[in-house]
Structures are given as structure tokens and as C-alpha cells.
Amino acid sequence: MKDKKTPKIRFKGFTEAWEQRKLGEVVQVIMGQSPDGSTYSNFPRGHILVQGNADIENGWVKPRLWTTQITKQAEVGDLIMSVRAPAGTVGKTEYDVVIGRGVASIKGNEFIFHKLYKMDLKGYWKKDSTGSTFESLNSESIKNAEIKLPELKEQQLIGNLFDTLNQLITLHQRQLFLLKQIKKSMENSFFP
């Protein structure tokens, strides 16, 4: 970023400096609260429960556990960030879910999602994590995280660009997987 106020490249028509803000000033952060263990199920019954990294795969909530008790919730489209063991993994949810204490729900857009993803890759959350057994983040460390962001229209363009790139990557990964399966089948046929 030039003078740390604007990025190296911009969409046409955008020249304003990016504004430094605390994350909690621009998004709502809801810390999870775990339901009673007696309400858990490995089978679809009740509500999808998101507890941590094990429930996020390739940037999306992957249903694994269910609960009949509603504590804290995240809605379709919310961002889900792990706050424990290890902290910082971020995903999105296509479902209304119950959030356990290992995650937080963030009401953010695609720009915020990709910004949080980049912060995790760069190890940002490691410096703020606390605890001797495993790392964890509290509400204040998330809300006080400083980020630079452009006006909403530019956020939308940047978010959409990275979302489109992720979709292309996923498409090509599936094609690559299929080609590997075809190759394996042909090898088994040609070389019994």
C-alpha cells in the first residue's frame, strides 16, 4: 500500500484513501456459547452446531454435529471465525447455525471475509491469542483488530473479485481430481 493508505492496484474510479478502523466499529461480532453436551447429536436433529475448526472446510461451514438447544446463533451469510485451537480460521455459513464457544459469528461482507482470511494467513491472530494450553481470542481482541478498508462500493468489487477467483479455483480442483481418477483407472486397465 502506498503510504499505507491505498493499495498498489485499484479499480477504475476509486482514488480515496482507505480508512483505518477497528473491526468492531464496522461489523457485529457475536461470541459463541456452547449448548449442554446432552443436546448434541451426530445425526441431523435440531440445529447445526458449529464449535470450531473441525466444522469449517474450504471456507464453509460443514455440518458435523447438531443440537436441540439454541444458545447463540449465526445466520445464513454470516462469517464464522474460530477463536480457539487454533484461532483465526474463517469461513461462511449457508445455514442458520448454533455457535459454540470455539467460534464467533461476524456480520460482514465478502471484503471482510477475505480481509480476515488474509489476516489469519499472515499470523495476525497469533500475536493476540492467550492461554497456556491452547490459543484463544476474546471478544475485545477481535473487535479491536485494526483494519484498513475502502468505501462500501470498492469493498463489494474487491470481495466479488476474490469470491470469483475462489470459485474458479474450486472448479479446477474438481476437474483435476476427476482427471486423476481417470488416469488411475486407465493405469489399472493398462497395467494390471
# chains A, B, ... in the order shown; residues from 1 in each chain; ligands from 1

$ select_by_dssp --residues "region 2-189 of chain A" --states "alpha helix (DSSP H)" --output "PyMOL selection string"
chain A and resi 23-26+110-121+139-143+152-189

$ residues_around --residues "Leu49 (chain A)" --least-positions-apart "3" --cutoff "8 Å" --atoms "only C-alpha atoms" --output "VMD selection string"
chain A and resid 63 to 67 97 to 100

$ closest_atom_pairs --of "region 43-102 of chain A" --to "region 164-181 of chain A" --cutoff "12 Å" --atoms "only C-alpha atoms" --output "Markdown table"
| residue | atom | partner | partner_atom | distance |
| --- | --- | --- | --- | --- |
| A:Asn58 | CA | A:Thr170 | CA | 9.1 |
| A:Gly59 | CA | A:Asn166 | CA | 9.6 |
| A:Trp60 | CA | A:Asn166 | CA | 11.9 |

$ write_last_selection --atoms "N, CA and C atoms" --output "short mmCIF file (atom, residue, chain, number, x, y, z; two decimals), in the first residue's frame"
data_model
loop_
_atom_site.label_atom_id
_atom_site.label_comp_id
_atom_site.auth_asym_id
_atom_site.auth_seq_id
_atom_site.Cartn_x
_atom_site.Cartn_y
_atom_site.Cartn_z
N ASN A 58 -12.73 -25.69 3.66
CA ASN A 58 -12.61 -24.91 2.43
C ASN A 58 -13.41 -23.61 2.49
N GLY A 59 -13.39 -22.96 3.64
CA GLY A 59 -14.04 -21.67 3.78
C GLY A 59 -15.54 -21.71 4.02
N TRP A 60 -16.08 -22.90 4.30
CA TRP A 60 -17.52 -23.04 4.51
C TRP A 60 -17.81 -23.91 5.73
#

$ select_by_dssp --residues "region 70-169 of chain A" --states "strand (DSSP E or B)" --output "PDB file with N, CA and C atoms, in the first residue's frame"
ATOM      1  N   LYS A  72     -26.288 -19.308  21.266  1.00  0.00           N
ATOM      2  CA  LYS A  72     -26.030 -18.172  20.372  1.00  0.00           C
ATOM      3  C   LYS A  72     -26.160 -18.679  18.943  1.00  0.00           C
ATOM      4  N   GLN A  73     -26.571 -17.790  18.024  1.00  0.00           N
ATOM      5  CA  GLN A  73     -26.801 -18.207  16.647  1.00  0.00           C
ATOM      6  C   GLN A  73     -26.075 -17.329  15.642  1.00  0.00           C
ATOM      7  N   ALA A  74     -25.825 -17.917  14.473  1.00  0.00           N
ATOM      8  CA  ALA A  74     -25.351 -17.199  13.299  1.00  0.00           C
ATOM      9  C   ALA A  74     -26.347 -17.486  12.193  1.00  0.00           C
ATOM     10  N   LEU A  79     -20.201 -14.683   8.690  1.00  0.00           N
ATOM     11  CA  LEU A  79     -18.848 -15.220   8.723  1.00  0.00           C
ATOM     12  C   LEU A  79     -18.678 -15.913  10.066  1.00  0.00           C
ATOM     13  N   ILE A  80     -17.969 -17.021  10.060  1.00  0.00           N
ATOM     14  CA  ILE A  80     -17.696 -17.767  11.284  1.00  0.00           C
ATOM     15  C   ILE A  80     -16.185 -17.810  11.450  1.00  0.00           C
ATOM     16  N   MET A  81     -15.703 -17.386  12.613  1.00  0.00           N
ATOM     17  CA  MET A  81     -14.265 -17.386  12.868  1.00  0.00           C
ATOM     18  C   MET A  81     -13.968 -18.202  14.115  1.00  0.00           C
ATOM     19  N   SER A  82     -12.996 -19.105  13.988  1.00  0.00           N
ATOM     20  CA  SER A  82     -12.596 -19.886  15.164  1.00  0.00           C
ATOM     21  C   SER A  82     -11.860 -18.966  16.129  1.00  0.00           C
ATOM     22  N   ARG A  84     -10.545 -20.481  19.064  1.00  0.00           N
ATOM     23  CA  ARG A  84      -9.744 -21.391  19.883  1.00  0.00           C
ATOM     24  C   ARG A  84      -9.095 -22.447  19.003  1.00  0.00           C
ATOM     25  N   VAL A  90     -11.349 -18.752   9.248  1.00  0.00           N
ATOM     26  CA  VAL A  90     -12.611 -18.084   8.932  1.00  0.00           C
ATOM     27  C   VAL A  90     -13.344 -18.838   7.828  1.00  0.00           C
ATOM     28  N   GLY A  91     -14.644 -18.862   7.928  1.00  0.00           N
ATOM     29  CA  GLY A  91     -15.500 -19.487   6.930  1.00  0.00           C
ATOM     30  C   GLY A  91     -16.817 -18.742   6.849  1.00  0.00           C
ATOM     31  N   LYS A  92     -17.667 -19.205   5.947  1.00  0.00           N
ATOM     32  CA  LYS A  92     -19.003 -18.630   5.797  1.00  0.00           C
ATOM     33  C   LYS A  92     -20.022 -19.728   6.060  1.00  0.00           C
ATOM     34  N   VAL A  97     -27.164 -21.440  12.069  1.00  0.00           N
ATOM     35  CA  VAL A  97     -26.464 -22.391  12.933  1.00  0.00           C
ATOM     36  C   VAL A  97     -26.423 -21.896  14.374  1.00  0.00           C
ATOM     37  N   VAL A  98     -26.204 -22.830  15.289  1.00  0.00           N
ATOM     38  CA  VAL A  98     -25.906 -22.519  16.675  1.00  0.00           C
ATOM     39  C   VAL A  98     -24.389 -22.463  16.773  1.00  0.00           C
ATOM     40  N   ILE A  99     -23.859 -21.446  17.459  1.00  0.00           N
ATOM     41  CA  ILE A  99     -22.407 -21.316  17.570  1.00  0.00           C
ATOM     42  C   ILE A  99     -21.951 -21.600  19.002  1.00  0.00           C
ATOM     43  N   VAL A 103     -16.124 -20.539  18.507  1.00  0.00           N
ATOM     44  CA  VAL A 103     -16.249 -19.685  17.325  1.00  0.00           C
ATOM     45  C   VAL A 103     -16.962 -18.378  17.663  1.00  0.00           C
ATOM     46  N   ALA A 104     -16.842 -17.444  16.747  1.00  0.00           N
ATOM     47  CA  ALA A 104     -17.591 -16.192  16.808  1.00  0.00           C
ATOM     48  C   ALA A 104     -18.279 -16.007  15.464  1.00  0.00           C
ATOM     49  N   SER A 105     -19.418 -15.366  15.484  1.00  0.00           N
ATOM     50  CA  SER A 105     -20.132 -15.004  14.265  1.00  0.00           C
ATOM     51  C   SER A 105     -19.840 -13.536  13.975  1.00  0.00           C
ATOM     52  N   ILE A 106     -19.584 -13.244  12.707  1.00  0.00           N
ATOM     53  CA  ILE A 106     -19.285 -11.871  12.296  1.00  0.00           C
ATOM     54  C   ILE A 106     -20.219 -11.509  11.157  1.00  0.00           C
ATOM     55  N   LYS A 107     -20.927 -10.411  11.314  1.00  0.00           N
ATOM     56  CA  LYS A 107     -21.841  -9.912  10.278  1.00  0.00           C
ATOM     57  C   LYS A 107     -21.013  -9.055   9.327  1.00  0.00           C
ATOM     58  N   THR A 130      -4.318 -15.856  23.638  1.00  0.00           N
ATOM     59  CA  THR A 130      -3.909 -16.019  25.029  1.00  0.00           C
ATOM     60  C   THR A 130      -4.194 -17.437  25.471  1.00  0.00           C
ATOM     61  N   SER A 136      -6.444 -18.766  22.271  1.00  0.00           N
ATOM     62  CA  SER A 136      -7.841 -18.363  22.148  1.00  0.00           C
ATOM     63  C   SER A 136      -7.915 -16.851  22.017  1.00  0.00           C
ATOM     64  N   GLU A 146      -7.359  -3.839  14.138  1.00  0.00           N
ATOM     65  CA  GLU A 146      -7.379  -2.698  13.229  1.00  0.00           C
ATOM     66  C   GLU A 146      -7.255  -3.164  11.794  1.00  0.00           C
ATOM     67  N   ILE A 147      -8.148  -2.629  10.966  1.00  0.00           N
ATOM     68  CA  ILE A 147      -8.156  -2.972   9.541  1.00  0.00           C
ATOM     69  C   ILE A 147      -8.267  -1.693   8.721  1.00  0.00           C
ATOM     70  N   LYS A 148      -7.773  -1.759   7.509  1.00  0.00           N
ATOM     71  CA  LYS A 148      -7.937  -0.654   6.561  1.00  0.00           C
ATOM     72  C   LYS A 148      -9.006  -1.082   5.566  1.00  0.00           C
ATOM     73  N   LEU A 149      -9.935  -0.174   5.280  1.00  0.00           N
ATOM     74  CA  LEU A 149     -10.964  -0.529   4.328  1.00  0.00           C
ATOM     75  C   LEU A 149     -11.399   0.662   3.495  1.00  0.00           C
TER      76      LEU A 149
END

$ atom_distance --atom1 "CA of Gln33 (chain A)" --atom2 "CA of Gly52 (chain A)"
11.7 Å

$ atom_distance --atom1 "CA of Glu25 (chain A)" --atom2 "CA of Lys118 (chain A)"
19.3 Å

$ atom_distance --atom1 "CA of Val26 (chain A)" --atom2 "CA of Lys122 (chain A)"
21.3 Å

$ closest_atom_pairs --of "region 147-184 of chain A" --to "region 6-22 of chain A" --cutoff "12 Å" --atoms "only C-alpha atoms" --output "CSV"
residue,atom,partner,partner_atom,distance
A:Ile147,CA,A:Arg21,CA,5.5
A:Lys148,CA,A:Gln20,CA,4.3
A:Leu149,CA,A:Trp18,CA,5.0
A:Pro150,CA,A:Trp18,CA,4.5
A:Glu151,CA,A:Trp18,CA,7.5
A:Leu152,CA,A:Trp18,CA,10.8
A:Lys153,CA,A:Phe14,CA,9.3
A:Glu154,CA,A:Phe14,CA,7.3
A:Gln155,CA,A:Trp18,CA,10.3
A:Gln156,CA,A:Phe11,CA,11.1
A:Leu157,CA,A:Phe11,CA,7.9
A:Ile158,CA,A:Phe11,CA,8.4
A:Leu161,CA,A:Phe11,CA,10.6

$ write_last_selection --atoms "N, CA, C and O atoms" --output "JSON list (two decimals), in the first residue's frame"
[["chain", "number", "residue", "atom", "x", "y", "z"],
["A", 147, "ILE", "N", -8.15, -2.63, 10.97],
["A", 147, "ILE", "CA", -8.16, -2.97, 9.54],
["A", 147, "ILE", "C", -8.27, -1.69, 8.72],
["A", 147, "ILE", "O", -8.78, -0.69, 9.20],
["A", 148, "LYS", "N", -7.77, -1.76, 7.51],
["A", 148, "LYS", "CA", -7.94, -0.65, 6.56],
["A", 148, "LYS", "C", -9.01, -1.08, 5.57],
["A", 148, "LYS", "O", -8.99, -2.21, 5.09],
["A", 149, "LEU", "N", -9.94, -0.17, 5.28],
["A", 149, "LEU", "CA", -10.96, -0.53, 4.33],
["A", 149, "LEU", "C", -11.40, 0.66, 3.50],
["A", 149, "LEU", "O", -11.37, 1.80, 3.96],
["A", 150, "PRO", "N", -11.80, 0.36, 2.25],
["A", 150, "PRO", "CA", -12.26, 1.41, 1.34],
["A", 150, "PRO", "C", -13.76, 1.65, 1.53],
["A", 150, "PRO", "O", -14.40, 0.98, 2.36],
["A", 151, "GLU", "N", -14.29, 2.54, 0.72],
["A", 151, "GLU", "CA", -15.74, 2.77, 0.75],
["A", 151, "GLU", "C", -16.47, 1.48, 0.35],
["A", 151, "GLU", "O", -15.89, 0.58, -0.26],
["A", 152, "LEU", "N", -17.74, 1.41, 0.69],
["A", 152, "LEU", "CA", -18.52, 0.19, 0.52],
["A", 152, "LEU", "C", -18.52, -0.33, -0.93],
["A", 152, "LEU", "O", -18.37, -1.53, -1.15],
["A", 153, "LYS", "N", -18.66, 0.53, -1.91],
["A", 153, "LYS", "CA", -18.72, 0.09, -3.32],
["A", 153, "LYS", "C", -17.41, -0.61, -3.72],
["A", 153, "LYS", "O", -17.42, -1.65, -4.37],
["A", 154, "GLU", "N", -16.28, -0.06, -3.30],
["A", 154, "GLU", "CA", -15.00, -0.69, -3.61],
["A", 154, "GLU", "C", -14.84, -2.00, -2.83],
["A", 154, "GLU", "O", -14.30, -2.98, -3.36],
["A", 155, "GLN", "N", -15.34, -2.05, -1.59],
["A", 155, "GLN", "CA", -15.33, -3.30, -0.83],
["A", 155, "GLN", "C", -16.08, -4.38, -1.60],
["A", 155, "GLN", "O", -15.62, -5.52, -1.68],
["A", 156, "GLN", "N", -17.23, -4.03, -2.15],
["A", 156, "GLN", "CA", -18.05, -5.00, -2.88],
["A", 156, "GLN", "C", -17.31, -5.52, -4.11],
["A", 156, "GLN", "O", -17.32, -6.72, -4.39],
["A", 157, "LEU", "N", -16.66, -4.63, -4.86],
["A", 157, "LEU", "CA", -15.92, -5.05, -6.04],
["A", 157, "LEU", "C", -14.76, -5.97, -5.68],
["A", 157, "LEU", "O", -14.55, -7.00, -6.33],
["A", 158, "ILE", "N", -14.02, -5.62, -4.64],
["A", 158, "ILE", "CA", -12.88, -6.45, -4.22],
["A", 158, "ILE", "C", -13.37, -7.80, -3.71],
["A", 158, "ILE", "O", -12.83, -8.85, -4.07],
["A", 161, "LEU", "N", -14.45, -9.96, -6.62],
["A", 161, "LEU", "CA", -13.29, -10.45, -7.37],
["A", 161, "LEU", "C", -12.71, -11.69, -6.71],
["A", 161, "LEU", "O", -12.51, -12.72, -7.36]]

$ residues_around --residues "Gln69 (chain A)" --least-positions-apart "6" --cutoff "9 Å" --atoms "only C-alpha atoms" --output "PyMOL selection string"
chain A and resi 35-36+39-40+46-47+98

$ closest_residue --among "A:Gly159, A:Gly32, A:Gly37, A:Pro44" --to "His114 (chain A)" --atoms "only C-alpha atoms"
A:Gly159
